[in-house]
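run.pdb follows; it contains PDB, C-alpha atoms and all ligand atoms.
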```pdb
MODEL        1
ATOM      1  CA  MET A   1      94.656  99.202  91.031
ATOM      2  CA  ARG A   2      98.122 100.824  90.888
ATOM      3  CA  LEU A   3      98.359 104.587  91.478
ATOM      4  CA  GLU A   4     101.847 105.518  90.349
ATOM      5  CA  ASN A   5     101.964 107.303  87.000
ATOM      6  CA  ASP A   6      99.741 109.560  84.871
ATOM      7  CA  GLU A   7      98.256 106.600  83.011
ATOM      8  CA  ASP A   8      97.150 105.020  86.315
ATOM      9  CA  PHE A   9      95.297 108.198  87.329
ATOM     10  CA  ASP A  10      93.731 108.499  83.856
ATOM     11  CA  ALA A  11      92.561 104.876  84.042
ATOM     12  CA  LEU A  12      91.107 105.455  87.506
ATOM     13  CA  ALA A  13      89.275 108.569  86.268
ATOM     14  CA  ALA A  14      87.749 106.510  83.442
ATOM     15  CA  ALA A  15      86.600 103.915  86.000
ATOM     16  CA  PHE A  16      85.060 106.683  88.144
ATOM     17  CA  ALA A  17      83.362 108.080  85.021
ATOM     18  CA  ASP A  18      81.879 104.683  84.292
ATOM     19  CA  LEU A  19      80.530 104.250  87.833
ATOM     20  CA  ALA A  20      79.110 107.782  87.966
ATOM     21  CA  THR A  21      77.355 107.302  84.608
ATOM     22  CA  ARG A  22      75.866 103.985  85.643
ATOM     23  CA  ALA A  23      74.752 105.441  88.994
ATOM     24  CA  GLY A  24      73.091 108.378  87.252
ATOM     25  CA  VAL A  25      70.109 106.310  86.185
ATOM     26  CA  ILE A  26      69.086 106.029  89.847
ATOM     27  CA  ALA A  27      68.619 109.800  89.965
ATOM     28  CA  MET A  28      66.580 109.722  86.759
ATOM     29  CA  GLU A  29      64.330 106.956  88.110
ATOM     30  CA  VAL A  30      63.642 108.912  91.313
ATOM     31  CA  LEU A  31      63.018 112.039  89.232
ATOM     32  CA  ALA A  32      60.497 110.191  87.042
ATOM     33  CA  ALA A  33      58.205 109.476  90.018
ATOM     34  CA  PRO A  34      55.445 112.027  90.736
ATOM     35  CA  THR A  35      56.764 112.730  94.251
ATOM     36  CA  ILE A  36      60.264 112.562  95.720
ATOM     37  CA  ASP A  37      60.719 111.398  99.310
ATOM     38  CA  ALA A  38      62.881 114.148 100.914
ATOM     39  CA  ARG A  39      63.722 115.388 104.415
ATOM     40  CA  ALA A  40      66.017 117.927 106.088
ATOM     41  CA  LYS A  41      69.352 116.789 107.559
ATOM     42  CA  LYS A  42      70.838 118.064 110.831
ATOM     43  CA  ASP A  43      72.567 120.925 108.955
ATOM     44  CA  ALA A  44      69.135 121.799 107.447
ATOM     45  CA  SER A  45      70.281 120.802 103.940
ATOM     46  CA  PRO A  46      67.922 118.442 102.115
ATOM     47  CA  VAL A  47      68.505 114.741 101.456
ATOM     48  CA  CYS A  48      66.256 112.454  99.435
ATOM     49  CA  GLU A  49      65.979 108.810  98.456
ATOM     50  CA  ALA A  50      68.222 109.394  95.405
ATOM     51  CA  ASP A  51      71.222 110.537  97.515
ATOM     52  CA  GLU A  52      71.012 107.408  99.634
ATOM     53  CA  LYS A  53      70.381 104.962  96.769
ATOM     54  CA  ILE A  54      73.248 106.339  94.662
ATOM     55  CA  GLU A  55      75.674 106.168  97.581
ATOM     56  CA  ALA A  56      74.579 102.573  98.253
ATOM     57  CA  PHE A  57      75.296 101.762  94.584
ATOM     58  CA  LEU A  58      78.702 103.441  94.516
ATOM     59  CA  THR A  59      80.231 102.464  97.865
ATOM     60  CA  PRO A  60      80.647  98.693  97.325
ATOM     61  CA  ARG A  61      81.797  99.180  93.728
ATOM     62  CA  LEU A  62      84.446 101.715  94.743
ATOM     63  CA  ALA A  63      85.568  99.375  97.538
ATOM     64  CA  GLU A  64      85.986  96.645  94.931
ATOM     65  CA  LEU A  65      87.903  98.973  92.577
ATOM     66  CA  LEU A  66      90.251 100.248  95.297
ATOM     67  CA  PRO A  67      90.297  97.678  98.098
ATOM     68  CA  GLY A  68      91.123  99.064 101.524
ATOM     69  CA  LEU A  69      90.920 102.750 100.570
ATOM     70  CA  PRO A  70      88.763 104.827 102.949
ATOM     71  CA  ILE A  71      85.588 106.203 101.339
ATOM     72  CA  VAL A  72      84.408 109.497 102.822
ATOM     73  CA  ALA A  73      80.868 109.848 101.516
ATOM     74  CA  GLU A  74      78.227 112.478 102.200
ATOM     75  CA  GLU A  75      75.410 110.285 103.461
ATOM     76  CA  ALA A  76      77.701 108.052 105.550
ATOM     77  CA  ALA A  77      79.034 111.247 107.147
ATOM     78  CA  ALA A  78      75.483 112.478 107.787
ATOM     79  CA  ALA A  79      74.718 109.142 109.472
ATOM     80  CA  GLY A  80      77.640 109.734 111.848
ATOM     81  CA  ALA A  81      80.249 107.415 110.317
ATOM     82  CA  ALA A  82      83.806 107.828 111.620
ATOM     83  CA  PHE A  83      86.380 107.813 108.808
ATOM     84  CA  ALA A  84      89.947 106.583 109.176
ATOM     85  CA  ARG A  85      92.454 109.351 108.383
ATOM     86  CA  ALA A  86      94.495 108.421 105.336
ATOM     87  CA  GLU A  87      96.979 109.976 102.928
ATOM     88  CA  THR A  88      94.975 108.517 100.018
ATOM     89  CA  PHE A  89      91.180 108.344 100.174
ATOM     90  CA  LEU A  90      87.976 108.807  98.186
ATOM     91  CA  LEU A  91      85.409 111.590  98.494
ATOM     92  CA  VAL A  92      81.907 110.791  97.235
ATOM     93  CA  ASP A  93      78.952 113.116  96.830
ATOM     94  CA  PRO A  94      76.228 110.897  95.415
ATOM     95  CA  LEU A  95      73.970 113.830  94.548
ATOM     96  CA  ASP A  96      75.422 117.316  94.563
ATOM     97  CA  GLY A  97      72.790 119.981  94.071
ATOM     98  CA  THR A  98      70.041 118.179  95.963
ATOM     99  CA  ARG A  99      68.107 121.448  96.058
ATOM    100  CA  GLU A 100      68.271 121.657  92.253
ATOM    101  CA  PHE A 101      67.227 118.023  92.017
ATOM    102  CA  LEU A 102      64.190 118.560  94.265
ATOM    103  CA  ALA A 103      63.292 121.618  92.172
ATOM    104  CA  ARG A 104      63.576 119.337  89.106
ATOM    105  CA  SER A 105      66.334 121.460  87.598
ATOM    106  CA  GLY A 106      68.911 119.465  85.606
ATOM    107  CA  GLU A 107      71.858 121.015  87.460
ATOM    108  CA  PHE A 108      72.725 118.148  89.795
ATOM    109  CA  THR A 109      75.672 115.755  89.648
ATOM    110  CA  VAL A 110      77.187 112.492  90.864
ATOM    111  CA  ASN A 111      80.740 113.095  92.143
ATOM    112  CA  ILE A 112      83.675 110.776  92.852
ATOM    113  CA  GLY A 113      87.111 112.140  93.728
ATOM    114  CA  LEU A 114      90.465 110.693  94.772
ATOM    115  CA  ILE A 115      92.643 112.644  97.201
ATOM    116  CA  VAL A 116      96.369 112.010  97.546
ATOM    117  CA  ALA A 117      98.368 114.035 100.067
ATOM    118  CA  GLY A 118      95.725 116.742 100.378
ATOM    119  CA  ALA A 119      95.163 117.293  96.652
ATOM    120  CA  PRO A 120      92.545 115.940  94.220
ATOM    121  CA  ARG A 121      94.298 113.655  91.709
ATOM    122  CA  ALA A 122      91.361 112.030  89.889
ATOM    123  CA  GLY A 123      87.664 112.706  89.651
ATOM    124  CA  ALA A 124      84.445 112.251  87.720
ATOM    125  CA  VAL A 125      81.376 114.482  87.638
ATOM    126  CA  PHE A 126      78.240 113.244  85.869
ATOM    127  CA  ALA A 127      75.117 115.345  85.305
ATOM    128  CA  PRO A 128      72.498 112.674  84.507
ATOM    129  CA  ALA A 129      69.723 115.034  83.381
ATOM    130  CA  LEU A 130      72.111 116.812  80.999
ATOM    131  CA  GLY A 131      73.798 113.589  79.828
ATOM    132  CA  GLN A 132      77.113 115.309  80.394
ATOM    133  CA  LEU A 133      80.208 113.720  81.901
ATOM    134  CA  TRP A 134      83.492 115.367  82.923
ATOM    135  CA  PHE A 135      86.444 113.416  84.313
ATOM    136  CA  ALA A 136      90.172 113.736  84.865
ATOM    137  CA  GLY A 137      93.249 111.991  86.114
ATOM    138  CA  ALA A 138      96.382 113.612  84.721
ATOM    139  CA  ARG A 139      94.300 114.766  81.723
ATOM    140  CA  ALA A 140      90.757 116.152  81.685
ATOM    141  CA  PHE A 141      87.968 115.120  79.318
ATOM    142  CA  ALA A 142      84.263 115.620  78.719
ATOM    143  CA  ALA A 143      81.839 113.304  76.963
ATOM    144  CA  LYS A 144      78.145 112.863  76.354
ATOM    145  CA  ALA A 145      76.909 109.872  78.362
ATOM    146  CA  ILE A 146      73.627 108.062  78.942
ATOM    147  CA  PRO A 147      72.555 107.420  82.566
ATOM    148  CA  GLY A 148      72.634 103.712  83.376
ATOM    149  CA  ARG A 149      74.914 102.824  80.452
ATOM    150  CA  PRO A 150      78.682 102.331  80.563
ATOM    151  CA  ALA A 151      80.697 105.527  80.014
ATOM    152  CA  PRO A 152      81.567 106.156  76.340
ATOM    153  CA  PRO A 153      84.865 104.888  74.828
ATOM    154  CA  PRO A 154      87.981 107.117  74.455
ATOM    155  CA  ALA A 155      87.111 107.994  70.834
ATOM    156  CA  ALA A 156      84.137 109.987  72.207
ATOM    157  CA  TRP A 157      86.172 111.949  74.772
ATOM    158  CA  ARG A 158      86.804 115.676  74.262
ATOM    159  CA  PRO A 159      89.998 117.023  75.916
ATOM    160  CA  LEU A 160      89.363 119.963  78.264
ATOM    161  CA  ARG A 161      91.368 123.149  78.529
ATOM    162  CA  VAL A 162      90.593 126.369  80.407
ATOM    163  CA  ARG A 163      90.399 129.606  78.402
ATOM    164  CA  ALA A 164      92.546 132.741  78.730
ATOM    165  CA  LEU A 165      90.913 135.521  80.725
ATOM    166  CA  PRO A 166      88.854 137.548  78.177
ATOM    167  CA  ALA A 167      89.839 141.187  77.622
ATOM    168  CA  GLU A 168      86.323 142.344  78.591
ATOM    169  CA  GLY A 169      86.704 140.723  82.021
ATOM    170  CA  PRO A 170      85.742 137.419  83.619
ATOM    171  CA  THR A 171      82.445 135.609  83.496
ATOM    172  CA  ALA A 172      81.708 134.538  87.075
ATOM    173  CA  LEU A 173      79.659 131.518  88.133
ATOM    174  CA  VAL A 174      77.719 131.538  91.381
ATOM    175  CA  SER A 175      75.621 128.995  93.241
ATOM    176  CA  ARG A 176      72.017 129.031  92.050
ATOM    177  CA  SER A 177      70.591 128.063  95.471
ATOM    178  CA  HIS A 178      73.207 129.254  97.969
ATOM    179  CA  ARG A 179      74.322 132.734  96.952
ATOM    180  CA  ASP A 180      75.424 134.617 100.101
ATOM    181  CA  ALA A 181      76.106 138.254 100.987
ATOM    182  CA  ALA A 182      79.906 137.840 100.713
ATOM    183  CA  THR A 183      79.569 136.541  97.146
ATOM    184  CA  THR A 184      77.265 139.399  96.186
ATOM    185  CA  ALA A 185      79.776 141.863  97.713
ATOM    186  CA  PHE A 186      82.627 140.215  95.768
ATOM    187  CA  LEU A 187      80.708 140.559  92.508
ATOM    188  CA  GLU A 188      79.956 144.208  93.262
ATOM    189  CA  THR A 189      83.536 145.131  94.141
ATOM    190  CA  HIS A 190      85.324 143.200  91.371
ATOM    191  CA  ARG A 191      84.883 143.928  87.702
ATOM    192  CA  VAL A 192      83.091 140.991  86.094
ATOM    193  CA  ALA A 193      81.739 140.985  82.558
ATOM    194  CA  ALA A 194      78.852 138.629  83.357
ATOM    195  CA  THR A 195      77.459 136.451  86.135
ATOM    196  CA  ARG A 196      75.738 133.093  85.659
ATOM    197  CA  ASP A 197      73.810 131.124  88.301
ATOM    198  CA  VAL A 198      74.637 127.412  88.099
ATOM    199  CA  GLY A 199      73.815 124.584  90.514
ATOM    200  CA  SER A 200      76.230 121.940  91.828
ATOM    201  CA  SER A 201      79.801 121.010  90.830
ATOM    202  CA  ILE A 202      78.934 121.801  87.186
ATOM    203  CA  LYS A 203      80.499 125.210  87.961
ATOM    204  CA  PHE A 204      83.998 123.682  88.161
ATOM    205  CA  CYS A 205      83.404 121.783  84.921
ATOM    206  CA  LEU A 206      82.306 124.914  83.030
ATOM    207  CA  LEU A 207      85.560 126.586  84.096
ATOM    208  CA  ALA A 208      87.496 123.500  82.911
ATOM    209  CA  GLU A 209      85.700 123.663  79.539
ATOM    210  CA  GLY A 210      86.640 127.303  79.043
ATOM    211  CA  ALA A 211      82.999 128.443  79.214
ATOM    212  CA  ALA A 212      83.574 130.803  82.176
ATOM    213  CA  ASP A 213      86.437 132.207  84.241
ATOM    214  CA  LEU A 214      85.719 132.448  87.962
ATOM    215  CA  TYR A 215      83.711 130.760  90.694
ATOM    216  CA  PRO A 216      83.941 132.640  94.008
ATOM    217  CA  ARG A 217      82.509 130.648  96.916
ATOM    218  CA  PHE A 218      82.271 132.114 100.402
ATOM    219  CA  GLY A 219      79.343 130.102 101.734
ATOM    220  CA  PRO A 220      79.894 126.627 103.173
ATOM    221  CA  THR A 221      80.780 123.594 101.091
ATOM    222  CA  MET A 222      82.050 120.167 102.019
ATOM    223  CA  GLU A 223      85.101 118.420 100.549
ATOM    224  CA  TRP A 224      82.896 115.903  98.698
ATOM    225  CA  ASP A 225      81.137 118.817  96.942
ATOM    226  CA  THR A 226      84.376 120.099  95.430
ATOM    227  CA  ALA A 227      86.906 117.218  95.096
ATOM    228  CA  ALA A 228      85.822 115.762  91.750
ATOM    229  CA  GLY A 229      85.202 119.123  90.083
ATOM    230  CA  ASP A 230      88.484 120.441  91.481
ATOM    231  CA  ALA A 231      90.314 117.407  90.004
ATOM    232  CA  VAL A 232      88.805 118.131  86.577
ATOM    233  CA  LEU A 233      89.591 121.844  86.788
ATOM    234  CA  ARG A 234      93.222 121.363  87.911
ATOM    235  CA  ALA A 235      93.895 118.849  85.122
ATOM    236  CA  ALA A 236      92.410 121.319  82.591
ATOM    237  CA  GLY A 237      94.883 124.016  83.682
ATOM    238  CA  GLY A 238      92.849 125.896  86.312
ATOM    239  CA  GLY A 239      92.722 125.697  90.063
ATOM    240  CA  VAL A 240      90.986 126.377  93.350
ATOM    241  CA  VAL A 241      92.635 128.582  95.958
ATOM    242  CA  ASP A 242      91.838 129.723  99.488
ATOM    243  CA  PRO A 243      91.924 133.434 100.438
ATOM    244  CA  THR A 244      95.697 133.224 101.040
ATOM    245  CA  GLY A 245      96.223 131.966  97.478
ATOM    246  CA  ARG A 246      97.091 128.391  98.460
ATOM    247  CA  PRO A 247      95.439 125.436  96.672
ATOM    248  CA  LEU A 248      92.308 124.258  98.508
ATOM    249  CA  LEU A 249      93.470 121.534 100.897
ATOM    250  CA  TYR A 250      91.641 118.202 101.347
ATOM    251  CA  GLY A 251      91.563 115.724 104.212
ATOM    252  CA  LYS A 252      90.425 118.179 106.903
ATOM    253  CA  ALA A 253      89.050 115.403 109.099
ATOM    254  CA  GLY A 254      89.280 117.600 112.194
ATOM    255  CA  GLU A 255      86.860 120.062 110.567
ATOM    256  CA  ALA A 256      84.454 117.292 109.500
ATOM    257  CA  TYR A 257      85.624 117.779 105.874
ATOM    258  CA  ARG A 258      84.225 121.310 105.678
ATOM    259  CA  ASN A 259      85.872 123.730 103.241
ATOM    260  CA  GLY A 260      86.563 127.365 103.939
ATOM    261  CA  PRO A 261      85.999 130.089 101.337
ATOM    262  CA  PHE A 262      87.651 129.594  97.954
ATOM    263  CA  ILE A 263      87.971 131.009  94.464
ATOM    264  CA  ALA A 264      88.027 128.601  91.538
ATOM    265  CA  PHE A 265      89.495 129.942  88.319
ATOM    266  CA  GLY A 266      90.295 128.872  84.781
ATOM    267  CA  ASP A 267      93.201 131.043  83.688
ATOM    268  CA  PRO A 268      95.839 131.210  86.487
ATOM    269  CA  ALA A 269      96.130 134.930  85.572
ATOM    270  CA  ALA A 270      92.596 135.348  86.964
ATOM    271  CA  ALA A 271      93.646 134.035  90.386
ATOM    272  CA  ARG A 272      96.317 136.732  90.663
ATOM    273  CA  LEU A 273      93.710 139.482  90.260
ATOM    274  CA  TYR A 274      91.788 138.553  93.416
TER     275      TYR A 274
HETATM  276  N1  LIG B 301      74.729 125.589 105.054
HETATM  277  C1  LIG B 301      75.479 124.690 104.400
HETATM  278  N2  LIG B 301      76.307 123.844 105.072
HETATM  279  C2  LIG B 301      77.066 122.942 104.426
HETATM  280  N3  LIG B 301      77.055 122.800 103.085
HETATM  281  C3  LIG B 301      76.260 123.601 102.391
HETATM  282  C4  LIG B 301      75.433 124.581 102.991
HETATM  283  N4  LIG B 301      74.773 125.230 102.023
HETATM  284  C5  LIG B 301      75.175 124.660 100.853
HETATM  285  N5  LIG B 301      76.058 123.691 101.076
HETATM  286  C6  LIG B 301      76.702 122.831 100.095
HETATM  287  O1  LIG B 301      76.541 123.343  98.781
HETATM  288  C7  LIG B 301      76.239 122.246  97.929
HETATM  289  C8  LIG B 301      75.448 122.695  96.740
HETATM  290  O2  LIG B 301      76.271 123.484  95.944
HETATM  291  P1  LIG B 301      75.652 124.667  95.064
HETATM  292  O3  LIG B 301      75.075 125.648  96.051
HETATM  293  O4  LIG B 301      76.864 125.190  94.377
HETATM  294  O5  LIG B 301      74.639 124.075  94.148
HETATM  295  C9  LIG B 301      75.452 121.284  98.786
HETATM  296  O6  LIG B 301      75.682 119.978  98.313
HETATM  297  P2  LIG B 301      74.517 118.825  98.367
HETATM  298  O7  LIG B 301      73.449 119.247  97.408
HETATM  299  O8  LIG B 301      75.287 117.621  97.936
HETATM  300  O9  LIG B 301      74.082 118.761  99.805
HETATM  301  C10 LIG B 301      76.025 121.496 100.187
HETATM  302  O10 LIG B 301      76.997 120.545 100.537
HETATM  303 MG    MG B 302      77.103 118.178  97.566
ENDMDL
END
```
Any chance you could give the structure as structure tokens?
Ligand SMILES: Nc1ncnc2c1ncn2[C@@H]1O[C@H](COP(=O)(O)O)[C@@H](OP(=O)(O)O)[C@H]1O
Ligand SMILES: [Mg+2]
Amino acid sequence: MRLENDEDFDALAAAFADLATRAGVIAMEVLAAPTIDARAKKDASPVCEADEKIEAFLTPRLAELLPGLPIVAEEAAAAGAAFARAETFLLVDPLDGTREFLARSGEFTVNIGLIVAGAPRAGAVFAPALGQLWFAGARAFAAKAIPGRPAPPPAAWRPLRVRALPAEGPTALVSRSHRDAATTAFLETHRVAATRDVGSSIKFCLLAEGAADLYPRFGPTMEWDTAAGDAVLRAAGGGVVDPTGRPLLYGKAGEAYRNGPFIAFGDPAAARLY
């Protein structure tokens, strides 16, 4: 697959959307069973059979779509895989919001992102339990989608655009399961009109849709948690910046792909306030 112009990145995003939607049925099948086989990883975060099965579905299909491109994926990383450093590579989080999934909340997602020169250039986020798909190359879209089926055709895609910062102040999104003291302090010291708890990368997608304005994140995340949502948000007119105001950088192999603190925003005017 060529990756040269906007149309190439849009076509790749549609292919990611299709794979994420098809993979989503695996999560629904695991969720339908009376018990879910789960354990704690080395970093104490949970992993379950769905994470591993979805990654096993996606990895060979992505390798076929983009032959030779390194795939940095959450469960491969947890198993100790060494990834080749590359200018262009994929970041895969087969199940973001594993805690939400194990709690049988619908706020979990399948995530596929493409990084070029440190920035996310294409991505797809699918929330199987919500039947909601968000994806972007040069342009960002949302669509309703059915887990296990192909992604819907272009006629069903809704273009995404962030909203202007409301006069009454921003609506902030925070992690449902991983709210930390720094985030609580941020919300207390900055004027926000409302706060909503949301699990997984859905937070980026709600900013891209214009349903909220800010997502401050001071607790740890990994690049595969943020790449796809960041791609959708950037293409919809928003962004993700570090505390110095620079766009969140990807490809931090030396830091095991761990992100530092960031603020995701819809309206670029919101970023200037913090
Ligand atoms: N202590 C920690 N170390 C590393 N990542 C953490 C973490 N606590 C939370 N996360 C990340 O936060 C993600 C969940 O995001 P949210 O809190 O916004 O729902 C997790 O994704 P997974 O569920 O894919 O493991 C995990 O990567
Ligand atoms: Mg994750």
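Closest approach to A:Arg191 among A:Leu273, A:Ile146, A:Leu62, A:Ala236 is made by A:Leu273 (distances from all atoms listed in the file).
Neighbours of A:Arg39 closer than or equal to 8 Å, with all atoms listed in the file counted and sequence neighbours fewer than 3 positions away skipped, come out as Pro46, Val47 and Cys48 of chain A.
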Could you expand the PyMOL selection byres (((chain A and resi 72) around 7) and not hetatm) into the explicit residues it covers here, written as a PyMOL selection string? chain A and resi 70-71+73-74+83+90-92
Which residues are close to A:Ala172, i.e. within 12 Å by all atoms listed in the file, leaving aside same-chain residues fewer than 2 positions away? Reply as a ChimeraX atom specification. /A:165-166,169-170,174-175,183-184,186-188,190-198,203-204,206-207,210-217,263-266,270
Residue subset to file, keeping C-alpha atoms, as a short mmCIF file (atom, residue, chain, number, x, y, z; two decimals), keeping the file's coordinate frame:
```
data_model
loop_
_atom_site.label_atom_id
_atom_site.label_comp_id
_atom_site.auth_asym_id
_atom_site.auth_seq_id
_atom_site.Cartn_x
_atom_site.Cartn_y
_atom_site.Cartn_z
CA LEU A 165 90.91 135.52 80.72
CA PRO A 166 88.85 137.55 78.18
CA GLY A 169 86.70 140.72 82.02
CA PRO A 170 85.74 137.42 83.62
CA VAL A 174 77.72 131.54 91.38
CA SER A 175 75.62 129.00 93.24
CA THR A 183 79.57 136.54 97.15
CA THR A 184 77.26 139.40 96.19
CA PHE A 186 82.63 140.22 95.77
CA LEU A 187 80.71 140.56 92.51
CA GLU A 188 79.96 144.21 93.26
CA HIS A 190 85.32 143.20 91.37
CA ARG A 191 84.88 143.93 87.70
CA VAL A 192 83.09 140.99 86.09
CA ALA A 193 81.74 140.99 82.56
CA ALA A 194 78.85 138.63 83.36
CA THR A 195 77.46 136.45 86.14
CA ARG A 196 75.74 133.09 85.66
CA ASP A 197 73.81 131.12 88.30
CA VAL A 198 74.64 127.41 88.10
CA LYS A 203 80.50 125.21 87.96
CA PHE A 204 84.00 123.68 88.16
CA LEU A 206 82.31 124.91 83.03
CA LEU A 207 85.56 126.59 84.10
CA GLY A 210 86.64 127.30 79.04
CA ALA A 211 83.00 128.44 79.21
CA ALA A 212 83.57 130.80 82.18
CA ASP A 213 86.44 132.21 84.24
CA LEU A 214 85.72 132.45 87.96
CA TYR A 215 83.71 130.76 90.69
CA PRO A 216 83.94 132.64 94.01
CA ARG A 217 82.51 130.65 96.92
CA ILE A 263 87.97 131.01 94.46
CA ALA A 264 88.03 128.60 91.54
CA PHE A 265 89.50 129.94 88.32
CA GLY A 266 90.30 128.87 84.78
CA ALA A 270 92.60 135.35 86.96
#
```
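The smallest atom-to-atom distance between ligand LIG 301 (chain B) and any of A:Val241, A:Ala119, A:Ala143, A:Ile54, using only C-alpha atoms and all ligand atoms, is found for A:Ile54.
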Ground truth for the PyMOL selection byres (((not hetatm)) within 8 of (chain B and resi 302)), written as number ranges by chain: A: 74, 93-98, 200-201, 221-222, 224-226
Hey, can I get the axis-aligned box for ligand LIG 301 (chain B)? All listed atoms, 5 Å padding on each side, centre and edge lengths in Å to one decimal, as lines of an AutoDock Vina configuration file.
```
center_x = 75.3
center_y = 121.6
center_z = 99.6
size_x = 13.6
size_y = 18.0
size_z = 20.9
```
Taking the file as I've supplied it (selection: the PyMOL selection byres (((chain A and resi 118) around 10) and not hetatm)), which residues are included? Please answer as an MDAnalysis selection string. chainID A and resid 86:89 114:117 119:121 247:252
So that I can see what lies close to A:Ala50, please list as JSON, numbers by chain the residues with an atom at most 7 Å from it, counting only C-alpha atoms and leaving out residues fewer than 2 positions away in the same chain. {"A": [26, 27, 30, 48, 52, 53, 54]}
Tell me which of A:Ala182, A:Leu19, A:Ala156, A:Ala256 sits closest to ligand LIG 301 (chain B), counting only C-alpha atoms and all ligand atoms. A:Ala256
Counting all atoms listed in the file, write as an NGL selection string all protein and nucleic acid residues lying at most 7 Å from (94.2, 122.4, 81.4) in the file's frame. :A and (160-162 or 208 or 234-238)
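The closest residue to A:Arg149, picked from A:Pro128, A:Leu69, A:Ala78, A:Arg61 and counting all atoms listed in the file, is A:Pro128.
In this model, the gap between atom CA of A:Asp267 and atom CA of A:Ala167 comes to 12.3 Å.
With all atoms listed in the file as the atoms that count, the residue of A:Gly123, A:Pro60, A:Pro154, A:Pro147 with the shortest distance to A:Gly24 is A:Pro147.
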Nearby residues (all atoms listed in the file) at most 7 Å from A:Ala13, same-chain spacing under 6 positions excluded, as number ranges by chain: A: 122-124, 135-137
Selected residue, from A:Ala164, A:Ala145, A:Ile202, A:Ala79, that lies nearest to A:Ala271 when counting all atoms listed in the file: A:Ala164
Complete stretch 79-94 of chain A at the level of N, CA and C atoms, written as a CSV table (one decimal), in the coordinates of the input.
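This went into rebuild13.csv:
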```
chain,number,residue,atom,x,y,z
A,79,ALA,N,75.2,110.2,108.6
A,79,ALA,CA,74.7,109.1,109.5
A,79,ALA,C,75.7,109.0,110.6
A,80,GLY,N,76.7,109.8,110.7
A,80,GLY,CA,77.6,109.7,111.8
A,80,GLY,C,78.8,108.8,111.7
A,81,ALA,N,79.1,108.3,110.5
A,81,ALA,CA,80.2,107.4,110.3
A,81,ALA,C,81.6,108.1,110.7
A,82,ALA,N,82.5,107.3,111.3
A,82,ALA,CA,83.8,107.8,111.6
A,82,ALA,C,84.7,107.3,110.5
A,83,PHE,N,85.5,108.2,109.9
A,83,PHE,CA,86.4,107.8,108.8
A,83,PHE,C,87.8,107.8,109.3
A,84,ALA,N,88.5,106.7,108.8
A,84,ALA,CA,89.9,106.6,109.2
A,84,ALA,C,90.7,107.7,108.4
A,85,ARG,N,91.6,108.4,109.1
A,85,ARG,CA,92.5,109.4,108.4
A,85,ARG,C,93.4,108.6,107.5
A,86,ALA,N,93.6,109.1,106.3
A,86,ALA,CA,94.5,108.4,105.3
A,86,ALA,C,95.1,109.4,104.4
A,87,GLU,N,96.3,109.1,103.9
A,87,GLU,CA,97.0,110.0,102.9
A,87,GLU,C,96.2,109.9,101.6
A,88,THR,N,95.7,108.7,101.3
A,88,THR,CA,95.0,108.5,100.0
A,88,THR,C,93.6,108.0,100.4
A,89,PHE,N,92.6,108.7,99.9
A,89,PHE,CA,91.2,108.3,100.2
A,89,PHE,C,90.2,108.9,99.1
A,90,LEU,N,89.0,108.4,99.2
A,90,LEU,CA,88.0,108.8,98.2
A,90,LEU,C,87.0,109.7,98.8
A,91,LEU,N,86.5,110.7,98.1
A,91,LEU,CA,85.4,111.6,98.5
A,91,LEU,C,84.2,111.4,97.5
A,92,VAL,N,83.1,111.1,98.1
A,92,VAL,CA,81.9,110.8,97.2
A,92,VAL,C,80.7,111.7,97.6
A,93,ASP,N,80.2,112.4,96.7
A,93,ASP,CA,79.0,113.1,96.8
A,93,ASP,C,78.0,112.5,95.8
A,94,PRO,N,77.1,111.6,96.3
A,94,PRO,CA,76.2,110.9,95.4
A,94,PRO,C,75.3,111.8,94.6
```
